[in-house]
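For reference, model.txt is printed below; it contains compact mmCIF, C-alpha atoms.
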# COMPACT_ATOMS: atom_id res chain seq x y z
CA MET A 5 -3.20 10.08 34.10
CA ALA A 6 -1.82 11.68 30.96
CA HIS A 7 0.74 8.88 30.70
CA THR A 8 -2.05 6.21 30.91
CA VAL A 9 -3.97 7.88 28.11
CA LYS A 10 -0.87 7.95 25.89
CA GLN A 11 -0.10 4.28 26.61
CA GLU A 12 -3.66 3.32 25.69
CA HIS A 13 -3.43 5.27 22.48
CA LEU A 14 -0.09 3.73 21.56
CA GLU A 15 -1.57 0.27 22.11
CA GLN A 16 -4.47 1.25 19.87
CA ILE A 17 -2.03 2.36 17.18
CA GLN A 18 -0.24 -0.98 17.28
CA LYS A 19 -3.51 -2.73 16.51
CA ILE A 20 -4.56 -0.64 13.55
CA LYS A 21 -3.85 -1.79 10.03
CA ARG A 22 -0.99 -0.11 8.24
CA ASN A 23 -3.20 2.39 6.45
CA LYS A 24 -1.35 5.44 5.15
CA HIS A 25 -3.17 8.23 6.92
CA HIS A 26 -5.07 6.84 9.88
CA PRO A 27 -6.91 9.72 11.64
CA LEU A 28 -5.90 8.36 15.06
CA LEU A 29 -2.23 9.16 14.33
CA HIS A 30 -3.02 12.79 13.57
CA GLN A 31 -5.26 13.06 16.64
CA ILE A 32 -2.62 11.67 19.04
CA HIS A 33 0.11 13.78 17.44
CA LYS A 34 -1.96 16.93 17.95
CA GLU A 35 -3.34 16.23 21.42
CA HIS A 36 -0.34 14.61 23.11
CA LYS A 37 2.54 16.16 21.13
CA ILE A 38 4.07 12.79 20.25
CA SER A 39 6.13 13.11 17.07
CA ARG A 40 4.74 11.63 13.87
CA LYS A 41 7.95 9.57 13.43
CA THR A 42 7.48 7.89 16.83
CA LEU A 43 3.85 7.10 16.06
CA PHE A 44 4.80 5.72 12.66
CA TYR A 45 7.54 3.53 14.17
CA VAL A 46 5.17 2.23 16.88
CA LYS A 47 2.54 1.45 14.25
CA GLU A 48 5.02 -0.37 11.99
CA TYR A 49 7.15 -2.22 14.54
CA GLY A 50 5.16 -2.10 17.80
CA LEU A 51 4.62 -4.94 20.27
CA HIS A 52 1.69 -6.44 18.43
CA SER A 53 3.07 -6.11 14.93
CA ASN A 54 5.24 -8.68 13.21
CA ALA A 55 8.33 -6.68 12.26
CA THR A 56 9.82 -9.56 10.23
CA LYS A 57 6.73 -9.75 8.05
CA THR A 58 6.47 -5.95 7.67
CA ILE A 59 10.13 -5.55 6.68
CA ILE A 60 10.07 -8.42 4.18
CA LYS A 61 6.78 -7.28 2.66
CA GLU A 62 7.96 -3.70 2.20
CA SER A 63 11.50 -4.43 1.01
CA ILE A 64 11.26 -7.51 -1.16
CA LYS A 65 9.94 -5.92 -4.37
CA ILE A 66 12.49 -3.12 -4.50
CA LEU A 67 15.36 -5.47 -3.57
CA VAL A 68 14.43 -7.95 -6.32
CA PHE A 69 14.12 -5.04 -8.79
CA ALA A 70 17.53 -3.61 -7.76
CA SER A 71 19.19 -7.05 -7.98
CA ILE A 72 17.83 -7.75 -11.45
CA ILE A 73 18.90 -4.31 -12.73
CA SER A 74 22.40 -4.86 -11.27
CA SER A 75 22.53 -8.28 -12.94
CA PHE A 76 21.68 -6.71 -16.32
CA GLY A 77 24.70 -4.48 -15.85
CA GLY A 78 26.80 -7.55 -15.08
CA MET A 79 25.63 -9.16 -18.33
CA ALA A 80 27.22 -6.30 -20.26
CA ILE A 81 30.62 -6.97 -18.68
CA GLU A 82 30.20 -10.77 -18.93
CA ASN A 83 30.22 -10.37 -22.72
CA ILE A 84 33.77 -8.96 -22.65
CA LYS A 85 34.91 -11.03 -19.68
CA THR A 86 38.27 -12.16 -21.10
CA LEU A 87 39.27 -8.62 -21.99
CA PHE A 88 37.93 -7.21 -18.72
CA ILE A 89 39.76 -9.71 -16.50
CA SER A 90 43.03 -8.95 -18.31
CA ILE A 91 42.78 -5.26 -17.27
CA VAL A 92 43.78 -5.74 -13.61
CA PRO A 93 43.28 -2.10 -12.45
CA LEU A 94 39.67 -2.16 -13.67
CA VAL A 95 38.93 -5.42 -11.81
CA ILE A 96 40.30 -3.75 -8.64
CA LEU A 97 38.16 -0.67 -9.33
CA LEU A 98 34.91 -2.54 -10.07
CA PRO A 99 33.52 -2.77 -6.47
CA THR A 100 34.74 0.77 -5.70
CA LEU A 101 33.05 2.30 -8.74
CA ASN A 102 29.81 0.46 -8.00
CA ASP A 103 29.82 1.69 -4.38
CA MET A 104 30.79 5.27 -5.20
CA ILE A 105 28.28 5.82 -7.98
CA GLY A 106 25.45 4.18 -6.01
CA ASP A 107 26.30 6.46 -3.07
CA TYR A 108 26.23 9.57 -5.29
CA GLY A 109 22.76 8.49 -6.47
CA THR A 110 21.59 8.26 -2.84
CA ILE A 111 23.11 11.63 -1.87
CA ILE A 112 21.72 13.49 -4.91
CA SER A 113 18.25 11.96 -4.45
CA SER A 114 17.95 12.53 -0.72
CA ARG A 115 19.32 16.09 -0.80
CA PHE A 116 17.18 17.12 -3.77
CA SER A 117 14.11 15.58 -2.08
CA THR A 118 14.85 17.60 1.06
CA MET A 119 15.17 20.79 -1.06
CA LEU A 120 11.76 20.07 -2.61
CA HIS A 121 10.18 19.53 0.82
CA GLU A 122 11.75 22.71 2.15
CA GLY A 123 10.44 24.70 -0.83
CA LYS A 124 13.95 25.68 -1.95
CA VAL A 125 13.41 24.64 -5.57
CA GLY A 126 11.98 27.29 -7.88
CA LYS A 127 10.36 27.06 -11.31
CA ASN A 128 13.69 26.55 -13.02
CA PRO A 129 15.67 24.23 -10.72
CA TRP A 130 18.86 24.52 -12.84
CA LYS A 131 19.16 28.18 -11.82
CA ASP A 132 18.69 27.53 -8.08
CA ARG A 133 21.73 28.25 -5.96
CA ASP A 134 21.27 25.15 -3.75
CA VAL A 135 20.84 22.84 -6.74
CA GLN A 136 23.93 24.31 -8.40
CA GLU A 137 25.92 23.93 -5.17
CA LEU A 138 24.84 20.28 -4.84
CA PHE A 139 25.82 19.57 -8.46
CA ILE A 140 29.28 21.17 -8.14
CA GLN A 141 29.96 19.47 -4.79
CA ILE A 142 29.03 15.99 -6.03
CA MET A 143 30.94 16.48 -9.28
CA ALA A 144 34.03 17.71 -7.39
CA VAL A 145 33.94 14.79 -4.92
CA ALA A 146 33.37 12.34 -7.80
CA ILE A 147 36.34 13.60 -9.85
CA ILE A 148 38.75 13.84 -6.89
CA LEU A 149 37.83 10.35 -5.67
CA ALA A 150 37.98 8.93 -9.20
CA LEU A 151 41.57 10.20 -9.43
CA ILE A 152 42.47 8.85 -5.97
CA SER A 153 40.86 5.43 -6.48
CA SER A 154 42.28 4.93 -9.99
CA SER A 155 45.76 5.87 -8.71
CA ALA A 156 45.40 3.42 -5.81
CA ALA A 157 44.23 0.69 -8.20
CA LEU A 158 47.23 1.33 -10.47
CA VAL A 159 49.65 1.12 -7.53
CA ILE A 160 48.08 -2.17 -6.36
CA SER A 161 48.23 -3.49 -9.95
CA TYR A 162 51.92 -2.57 -10.20
CA PHE A 163 52.66 -4.64 -7.10
CA SER A 164 50.61 -7.51 -8.59
CA ASN A 165 53.12 -7.69 -11.46
CA TYR A 166 50.77 -6.01 -13.95
CA ALA A 167 52.62 -4.00 -16.61
CA VAL A 168 51.65 -0.44 -15.62
CA THR A 169 52.87 1.67 -18.53
CA MET A 170 52.18 5.38 -19.04
CA GLN A 171 49.60 4.47 -21.67
CA VAL A 172 47.78 2.16 -19.23
CA VAL A 173 47.84 4.87 -16.53
CA MET A 174 46.26 7.39 -18.93
CA LYS A 175 43.61 4.93 -20.11
CA ILE A 176 42.59 3.81 -16.60
CA VAL A 177 42.41 7.36 -15.26
CA MET A 178 40.42 8.50 -18.34
CA ILE A 179 37.98 5.56 -18.08
CA THR A 180 37.37 6.16 -14.35
CA VAL A 181 36.96 9.93 -14.65
CA ILE A 182 34.70 9.79 -17.75
CA ASP A 183 32.61 7.02 -16.13
CA VAL A 184 31.90 9.05 -12.97
CA ILE A 185 31.31 12.34 -14.84
CA VAL A 186 28.78 10.76 -17.25
CA LEU A 187 26.98 8.93 -14.44
CA VAL A 188 26.80 11.92 -12.09
CA LEU A 189 25.29 13.94 -14.98
CA ILE A 190 22.72 11.20 -15.72
CA LEU A 191 21.86 10.75 -12.02
CA PHE A 192 21.43 14.48 -11.55
CA LEU A 193 19.20 14.83 -14.58
CA ILE A 194 17.00 11.90 -13.51
CA SER A 195 16.80 13.06 -9.87
CA ILE A 196 15.64 16.53 -10.86
CA ILE A 197 13.12 15.49 -13.51
CA ALA A 198 11.70 12.53 -11.54
CA GLY A 199 11.90 14.40 -8.21
CA ILE A 200 9.77 17.27 -9.49
CA TYR A 201 7.35 14.82 -11.13
CA PHE A 202 6.76 12.81 -7.92
CA PHE A 203 6.62 15.95 -5.79
CA LYS A 204 3.91 17.42 -8.04
CA LYS A 205 1.99 14.15 -7.64
CA GLU A 206 2.17 14.77 -3.85
CA GLU A 207 4.35 11.71 -3.24
CA ASP A 208 7.55 11.69 -1.19
CA PRO A 209 10.36 11.74 -3.83
CA ASN A 210 12.67 9.94 -1.34
CA ASN A 211 10.71 6.71 -1.68
CA PHE A 212 11.12 6.61 -5.45
CA LEU A 213 14.34 8.46 -6.25
CA ILE A 214 16.76 6.43 -4.12
CA PRO A 215 15.86 2.99 -5.55
CA ILE A 216 15.66 4.45 -9.09
CA THR A 217 19.02 6.24 -8.96
CA THR A 218 20.93 3.42 -7.23
CA SER A 219 19.66 0.89 -9.79
CA ILE A 220 20.50 3.22 -12.68
CA ALA A 221 23.93 3.83 -11.12
CA ASP A 222 24.64 0.07 -11.01
CA PHE A 223 23.37 -0.65 -14.48
CA GLY A 224 24.78 2.52 -16.04
CA ASN A 225 28.21 1.97 -14.49
CA MET A 226 28.53 -1.45 -16.13
CA VAL A 227 27.25 -0.29 -19.52
CA ILE A 228 29.48 2.81 -19.61
CA LEU A 229 32.47 0.74 -18.47
CA LEU A 230 31.77 -1.70 -21.31
CA LEU A 231 31.66 1.14 -23.86
CA LEU A 232 34.81 2.80 -22.48
CA ILE A 233 36.74 -0.50 -22.42
CA ARG A 234 35.77 -1.08 -26.04
CA ILE A 235 36.93 2.45 -26.97
CA PHE A 236 40.21 2.50 -25.00
CA PHE A 237 41.37 -1.17 -25.18
CA MET B 29 28.62 29.91 -3.13
CA SER B 30 30.86 27.86 -0.84
CA ILE B 31 31.72 24.49 -2.35
CA PHE B 32 34.25 23.18 0.17
CA ASN B 33 31.95 23.55 3.19
CA SER B 34 31.03 21.07 5.94
CA LYS B 35 28.68 19.15 3.60
CA PHE B 36 31.52 18.64 1.13
CA LYS B 37 33.78 17.36 3.93
CA GLU B 38 31.06 14.97 5.17
CA ILE B 39 30.48 13.47 1.70
CA PHE B 40 34.19 13.28 0.96
CA SER B 41 35.23 11.58 4.21
CA ALA B 42 32.36 9.06 4.00
CA GLN B 43 33.34 8.20 0.42
CA VAL B 44 37.01 7.75 1.33
CA VAL B 45 35.98 5.07 3.85
CA SER B 46 33.73 3.50 1.23
CA ILE B 47 36.41 3.31 -1.51
CA PHE B 48 38.89 1.78 0.92
CA GLY B 49 36.68 -1.31 1.37
CA GLY B 50 36.00 -1.43 -2.37
CA LEU B 51 39.70 -1.45 -3.19
CA ILE B 52 40.35 -4.30 -0.72
CA ALA B 53 37.48 -6.28 -2.29
CA GLY B 54 38.85 -5.54 -5.78
CA THR B 55 42.32 -6.72 -4.76
CA ILE B 56 40.90 -10.00 -3.43
CA LEU B 57 39.06 -10.39 -6.77
CA VAL B 58 42.33 -9.96 -8.66
CA ILE B 59 44.22 -12.43 -6.43
CA TYR B 60 41.53 -15.08 -6.86
CA THR B 61 40.45 -14.24 -10.44
CA ASP B 62 40.88 -17.86 -11.50
CA LYS B 63 38.57 -19.05 -8.71
CA ILE B 64 35.92 -16.32 -8.83
CA LEU B 65 35.73 -14.46 -12.13
CA LEU B 66 36.53 -17.27 -14.54
CA ILE B 67 33.32 -19.12 -13.60
CA PRO B 68 30.62 -18.39 -16.21
CA GLY B 69 27.99 -15.98 -14.87
CA MET B 70 30.00 -14.73 -11.87
CA LEU B 71 30.22 -11.20 -13.26
CA ILE B 72 26.42 -11.19 -13.56
CA LEU B 73 25.78 -11.94 -9.92
CA LEU B 74 28.76 -10.03 -8.49
CA PRO B 75 27.37 -6.43 -8.77
CA GLY B 76 24.00 -7.46 -7.31
CA PHE B 77 25.67 -9.50 -4.57
CA LEU B 78 27.89 -6.58 -3.54
CA GLU B 79 24.95 -4.15 -3.70
CA MET B 80 22.77 -6.42 -1.56
CA ARG B 81 24.99 -6.07 1.54
CA GLY B 82 24.52 -2.30 1.52
CA ASN B 83 20.81 -2.52 0.76
CA ILE B 84 20.02 -5.04 3.50
CA SER B 85 22.51 -4.18 6.25
CA GLY B 86 22.26 -0.45 5.51
CA THR B 87 18.50 -0.44 6.00
CA LEU B 88 18.86 -2.68 9.08
CA ALA B 89 21.22 -0.11 10.64
CA ALA B 90 18.88 2.74 9.68
CA ARG B 91 15.83 1.01 11.23
CA ILE B 92 17.68 0.27 14.47
CA THR B 93 19.03 3.82 14.62
CA SER B 94 15.51 5.24 14.24
CA GLY B 95 14.31 2.92 17.03
CA LEU B 96 17.19 3.98 19.28
CA PHE B 97 16.56 7.69 18.73
CA LEU B 98 12.82 7.25 19.26
CA LYS B 99 13.55 5.15 22.39
CA VAL B 100 11.42 2.31 21.05
CA ILE B 101 14.65 0.26 21.26
CA GLY B 102 16.62 0.53 24.51
CA GLN B 103 20.33 1.18 24.06
CA ASP B 104 21.31 -1.40 26.73
CA LYS B 105 19.27 -4.32 25.47
CA ILE B 106 20.31 -5.96 22.20
CA ASN B 107 18.44 -9.25 22.68
CA THR B 108 14.90 -7.91 22.30
CA ARG B 109 11.94 -9.06 20.22
CA ILE B 110 12.22 -6.20 17.71
CA ILE B 111 15.95 -6.79 17.13
CA ARG B 112 15.43 -10.54 16.73
CA GLN B 113 12.66 -9.89 14.19
CA ASN B 114 14.91 -7.44 12.31
CA ILE B 115 17.69 -10.05 12.20
CA TRP B 116 15.31 -12.68 10.82
CA ALA B 117 13.91 -10.31 8.22
CA SER B 118 17.38 -9.26 7.02
CA PHE B 119 18.60 -12.84 6.90
CA LEU B 120 15.57 -14.16 5.01
CA LEU B 121 15.70 -11.25 2.55
CA ALA B 122 19.41 -11.86 1.92
CA ILE B 123 18.88 -15.55 1.20
CA PHE B 124 15.95 -14.87 -1.11
CA ILE B 125 17.80 -12.16 -3.06
CA SER B 126 20.86 -14.44 -3.31
CA PHE B 127 18.58 -17.10 -4.81
CA VAL B 128 17.17 -14.58 -7.32
CA LEU B 129 20.71 -13.56 -8.33
CA GLY B 130 21.64 -17.22 -8.78
CA ILE B 131 18.59 -17.82 -10.96
CA VAL B 132 19.38 -14.77 -13.16
CA ALA B 133 23.00 -15.90 -13.60
CA PHE B 134 21.86 -19.49 -14.36
CA ALA B 135 19.29 -18.27 -16.90
CA PHE B 136 21.86 -16.03 -18.64
CA ASN B 137 24.37 -18.90 -18.83
CA TYR B 138 21.76 -21.28 -20.21
CA PHE B 139 19.87 -19.07 -22.66
CA ALA B 140 22.59 -16.66 -23.82
CA MET B 141 25.70 -18.81 -23.64
CA GLY B 142 24.30 -22.33 -23.88
CA ILE B 143 26.01 -23.40 -20.64
CA PHE B 144 24.02 -25.60 -18.23
CA LEU B 145 25.50 -24.79 -14.81
CA PRO B 146 23.02 -25.26 -11.91
CA LYS B 147 25.90 -24.89 -9.40
CA ILE B 148 25.80 -21.14 -10.04
CA ILE B 149 22.48 -20.95 -8.11
CA TRP B 150 24.09 -22.42 -4.98
CA ILE B 151 27.11 -20.10 -4.93
CA PRO B 152 25.27 -16.86 -3.99
CA ILE B 153 23.00 -18.74 -1.53
CA ILE B 154 25.90 -20.29 0.41
CA ALA B 155 27.92 -17.05 0.14
CA GLY B 156 24.86 -15.05 1.26
CA ILE B 157 24.50 -17.21 4.39
CA ILE B 158 28.21 -16.85 5.22
CA ALA B 159 28.36 -13.09 4.51
CA ASN B 160 25.20 -12.32 6.48
CA ALA B 161 26.26 -14.47 9.43
CA ILE B 162 29.15 -11.99 9.74
CA GLU B 163 27.61 -8.77 8.44
CA ILE B 164 24.27 -8.71 10.33
CA PRO B 165 25.70 -9.19 13.87
CA LEU B 166 28.52 -6.75 12.98
CA THR B 167 25.99 -4.14 11.81
CA ILE B 168 23.88 -4.48 14.98
CA PHE B 169 26.89 -4.42 17.28
CA CYS B 170 28.39 -1.33 15.59
CA THR B 171 25.07 0.55 15.47
CA PHE B 172 24.62 0.08 19.23
CA TYR B 173 28.30 0.82 19.90
CA PHE B 174 28.31 4.13 17.97
CA PHE B 175 24.98 5.16 19.52
CA ARG B 176 26.23 4.45 23.06
CA LYS B 177 29.38 6.46 22.31
CA GLY B 178 27.18 9.46 21.45
CA HIS B 179 27.52 9.33 17.64
CA ASP B 180 24.69 9.34 15.11
CA PRO B 181 24.94 5.87 13.48
CA ASP B 182 23.07 7.23 10.40
CA ASN B 183 26.16 9.25 9.48
CA ILE B 184 28.64 6.44 10.08
CA MET B 185 26.93 3.15 9.25
CA GLY B 186 26.33 3.83 5.52
CA PRO B 187 29.98 3.91 4.41
CA PHE B 188 30.92 1.38 7.12
CA VAL B 189 28.37 -1.17 5.91
CA THR B 190 29.36 -0.64 2.25
CA SER B 191 33.08 -1.07 2.82
CA ALA B 192 32.80 -3.94 5.32
CA GLY B 193 30.13 -5.52 3.10
CA ASP B 194 32.36 -5.50 0.02
CA VAL B 195 35.15 -7.36 1.79
CA THR B 196 32.91 -9.91 3.53
CA SER B 197 30.93 -10.51 0.31
CA VAL B 198 33.99 -11.25 -1.83
CA LEU B 199 35.50 -13.47 0.89
CA ALA B 200 32.17 -15.28 1.32
CA LEU B 201 31.96 -15.90 -2.43
CA LEU B 202 35.45 -17.35 -2.33
CA ILE B 203 34.64 -19.60 0.65
CA ALA B 204 31.40 -20.72 -1.02
CA LEU B 205 33.30 -21.62 -4.19
CA VAL B 206 35.94 -23.58 -2.29
CA LEU B 207 33.24 -25.37 -0.29
CA ILE B 208 30.74 -26.28 -2.97
CA TRP B 209 32.51 -26.27 -6.34
CA PRO B 210 34.20 -29.67 -5.87
CA ILE B 211 31.10 -31.22 -4.22
CA LEU B 212 28.19 -30.31 -6.48

Would you write the structure of this file as structure tokens?
Amino acid sequence: MAHTVKQEHLEQIQKIKRNKHHPLLHQIHKEHKISRKTLFYVKEYGLHSNATKTIIKESIKILVFASIISSFGGMAIENIKTLFISIVPLVILLPTLNDMIGDYGTIISSRFSTMLHEGKVGKNPWKDRDVQELFIQIMAVAIILALISSSAALVISYFSNYAVTMQVVMKIVMITVIDVIVLVLILFLISIIAGIYFFKKEEDPNNFLIPITTSIADFGNMVILLLLIRIFF
Amino acid sequence: MSIFNSKFKEIFSAQVVSIFGGLIAGTILVIYTDKILLIPGMLILLPGFLEMRGNISGTLAARITSGLFLKVIGQDKINTRIIRQNIWASFLLAIFISFVLGIVAFAFNYFAMGIFLPKIIWIPIIAGIIANAIEIPLTIFCTFYFFRKGHDPDNIMGPFVTSAGDVTSVLALLIALVLIWPIL
């Protein structure tokens, strides 16, 4: 009998419009102990809903925004294309740097959002132990991987007949390390300021921070690379 | 304060996988610089095109994983309505975003550099179709595979999608260029 009631309720959920806080969800969660996540998933992608339409509708704006921001970053490099293409290790590093920095943005945002939800962030977040640990961990990973990836790019360049001199090695390593340090600092600063702002507005910081930080990571990476190439080459 | 704890190891190992794919993609870019990067506007669409694989396939993997954990999606049935709808949504999104990237690159070429090159719109669209024809089935197959093997795909699919996506995207761009550049 209990199963029949639940099935009926789930069917009812599938029919309701995707309102944010439908009272039926809360009622079923409380009475039948079905997790909120399951109810949300059933409501969004249930038998009677059109998952294709829901996914496209929810994702399209943020994807267009992220693509345009990434393209703006590309415009910066396009302006020094001839110089950029001639620096083989940086061409090899381009996809890696984009991936890495975008990933750091996602990790910082999601972990800081979780800290906010768990109430681990005090009045001065910079003095919080968890925030400090997150910052040092991300910075350490970023610097170690910047050294590893730039070394790998230099080795690949050497075997591609690119003249890898000591001066080139220093410049490439410096560019990669400075790029990741500056961007991790920027991403951290934005995540904390924006995270607290959205949390105070009673919004889930996850929904805003990840798209914001990944777009800034893409755009910022290109702009900082442009500046560093102009300084070092 | 312990810095080198399990969280550090998780982030580090995931990033190592991610940079591996990036370096392969970068090497392909260097080998085919004359075919890919010398075309006006290619550096404008390249970051967005590489990012798109992670954004679309990454969220596809995350949605399927949630469904698998919640038992809304059965682990033995891949060909279901919800999976088919997810595939369609991811594919349509990828083609639309590829078109947007092409338009941005075309507009930059035309307005900033005075180059009229409508072919640049077709390159990401064709490459998007090729890359997604590989990436989407691969993402679904791997998500189900890791889940069936008892792993949490959320922890594995992120770096996997990014690294596999980089390689397939660069190769797809190359194939698209070889296919359409002499024709259009």

Enclose the full set of atoms of stretch 114-123 of chain B listed in the file within a box whose edges lie along x, y and z, apply 5 Å of padding to each of the six sides, and report centre and edge lengths in Å to one decimal as lines of an AutoDock Vina configuration file.
center_x = 16.7
center_y = -11.5
center_z = 6.8
size_x = 15.5
size_y = 18.1
size_z = 21.1

Give the residues of chain A that lie within 6 Å of chain B; count all atoms listed in the file, and format the answer as a ChimeraX atom specification. /A:42,55-56,60,71,74-75,78-79,82,96,99-100,141

Identify the residues around (27.0, 4.8, -21.3) within a radius of 10 Å, measuring from all atoms listed in the file in the coordinates stated by the file, and give them as an NGL selection string. :A and (182-183 or 186-187 or 190 or 223-232)

If you count all atoms listed in the file, which residues fall within 10 Å of stretch 121-125 of chain A, apart from same-chain ones fewer than 3 positions away, as a PyMOL selection string? chain A and resi 115-118+128-135+196+200+203+208-209

Could you check which of A:Leu138, A:Ile91, A:Ala80, A:Ile152 is closest to A:Ser195, using only C-alpha atoms? A:Leu138

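Computed from the coordinates, the atom CA of A:Arg234 to atom CA of A:Tyr166 distance equals 19.9 Å.
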
Which protein, DNA or RNA residues have an atom at most 10 Å from (46.1, 0.0, -6.9), counting only C-alpha atoms? List them as JSON, numbers by chain. {"A": [92, 93, 94, 96, 97, 152, 153, 154, 155, 156, 157, 158, 159, 160, 161, 162, 163, 164], "B": [51, 52, 54, 55]}

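Proximity to B:Ile101 was assessed for B:Ile162, B:Gly156, B:Phe175, B:Phe144 counting all atoms listed in the file; the smallest distance is recorded for B:Phe175.
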
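Picture a line from atom CA of A:Phe237 to atom CA of A:Met178; it runs 11.9 Å.
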
Would you fill out stretch 180-198 of chain B with N, CA and C atoms and return it as a PDB file, in the frame of the given file?
ATOM      1  N   ASP B 180      25.902   9.664  15.856  1.00  0.00           N
ATOM      2  CA  ASP B 180      24.690   9.340  15.110  1.00  0.00           C
ATOM      3  C   ASP B 180      25.032   8.226  14.125  1.00  0.00           C
ATOM      4  N   PRO B 181      24.566   6.985  14.370  1.00  0.00           N
ATOM      5  CA  PRO B 181      24.940   5.870  13.480  1.00  0.00           C
ATOM      6  C   PRO B 181      24.532   6.105  12.016  1.00  0.00           C
ATOM      7  N   ASP B 182      23.503   6.945  11.779  1.00  0.00           N
ATOM      8  CA  ASP B 182      23.070   7.230  10.400  1.00  0.00           C
ATOM      9  C   ASP B 182      24.211   7.827   9.570  1.00  0.00           C
ATOM     10  N   ASN B 183      25.061   8.612  10.207  1.00  0.00           N
ATOM     11  CA  ASN B 183      26.160   9.250   9.480  1.00  0.00           C
ATOM     12  C   ASN B 183      27.363   8.339   9.283  1.00  0.00           C
ATOM     13  N   ILE B 184      27.441   7.291  10.108  1.00  0.00           N
ATOM     14  CA  ILE B 184      28.640   6.440  10.080  1.00  0.00           C
ATOM     15  C   ILE B 184      28.372   5.098   9.404  1.00  0.00           C
ATOM     16  N   MET B 185      27.191   4.533   9.668  1.00  0.00           N
ATOM     17  CA  MET B 185      26.930   3.150   9.250  1.00  0.00           C
ATOM     18  C   MET B 185      26.872   2.954   7.737  1.00  0.00           C
ATOM     19  N   GLY B 186      26.430   3.972   6.983  1.00  0.00           N
ATOM     20  CA  GLY B 186      26.330   3.830   5.520  1.00  0.00           C
ATOM     21  C   GLY B 186      27.649   3.427   4.886  1.00  0.00           C
ATOM     22  N   PRO B 187      28.685   4.298   4.984  1.00  0.00           N
ATOM     23  CA  PRO B 187      29.980   3.910   4.410  1.00  0.00           C
ATOM     24  C   PRO B 187      30.598   2.689   5.078  1.00  0.00           C
ATOM     25  N   PHE B 188      30.357   2.526   6.400  1.00  0.00           N
ATOM     26  CA  PHE B 188      30.920   1.380   7.120  1.00  0.00           C
ATOM     27  C   PHE B 188      30.362   0.075   6.562  1.00  0.00           C
ATOM     28  N   VAL B 189      29.036   0.037   6.409  1.00  0.00           N
ATOM     29  CA  VAL B 189      28.370  -1.170   5.910  1.00  0.00           C
ATOM     30  C   VAL B 189      28.828  -1.474   4.481  1.00  0.00           C
ATOM     31  N   THR B 190      28.951  -0.426   3.649  1.00  0.00           N
ATOM     32  CA  THR B 190      29.360  -0.640   2.250  1.00  0.00           C
ATOM     33  C   THR B 190      30.775  -1.207   2.178  1.00  0.00           C
ATOM     34  N   SER B 191      31.699  -0.603   2.945  1.00  0.00           N
ATOM     35  CA  SER B 191      33.080  -1.070   2.820  1.00  0.00           C
ATOM     36  C   SER B 191      33.262  -2.446   3.475  1.00  0.00           C
ATOM     37  N   ALA B 192      32.684  -2.631   4.666  1.00  0.00           N
ATOM     38  CA  ALA B 192      32.800  -3.940   5.320  1.00  0.00           C
ATOM     39  C   ALA B 192      32.073  -5.001   4.487  1.00  0.00           C
ATOM     40  N   GLY B 193      30.937  -4.602   3.909  1.00  0.00           N
ATOM     41  CA  GLY B 193      30.130  -5.520   3.100  1.00  0.00           C
ATOM     42  C   GLY B 193      30.860  -5.996   1.859  1.00  0.00           C
ATOM     43  N   ASP B 194      31.594  -5.106   1.206  1.00  0.00           N
ATOM     44  CA  ASP B 194      32.360  -5.500   0.020  1.00  0.00           C
ATOM     45  C   ASP B 194      33.360  -6.597   0.338  1.00  0.00           C
ATOM     46  N   VAL B 195      34.102  -6.387   1.421  1.00  0.00           N
ATOM     47  CA  VAL B 195      35.150  -7.360   1.790  1.00  0.00           C
ATOM     48  C   VAL B 195      34.527  -8.692   2.190  1.00  0.00           C
ATOM     49  N   THR B 196      33.516  -8.644   3.079  1.00  0.00           N
ATOM     50  CA  THR B 196      32.910  -9.910   3.530  1.00  0.00           C
ATOM     51  C   THR B 196      32.235 -10.639   2.361  1.00  0.00           C
ATOM     52  N   SER B 197      31.627  -9.869   1.440  1.00  0.00           N
ATOM     53  CA  SER B 197      30.930 -10.510   0.310  1.00  0.00           C
ATOM     54  C   SER B 197      31.908 -11.251  -0.595  1.00  0.00           C
ATOM     55  N   VAL B 198      33.020 -10.608  -0.939  1.00  0.00           N
ATOM     56  CA  VAL B 198      33.990 -11.250  -1.830  1.00  0.00           C
ATOM     57  C   VAL B 198      34.608 -12.470  -1.134  1.00  0.00           C
TER      58      VAL B 198
END
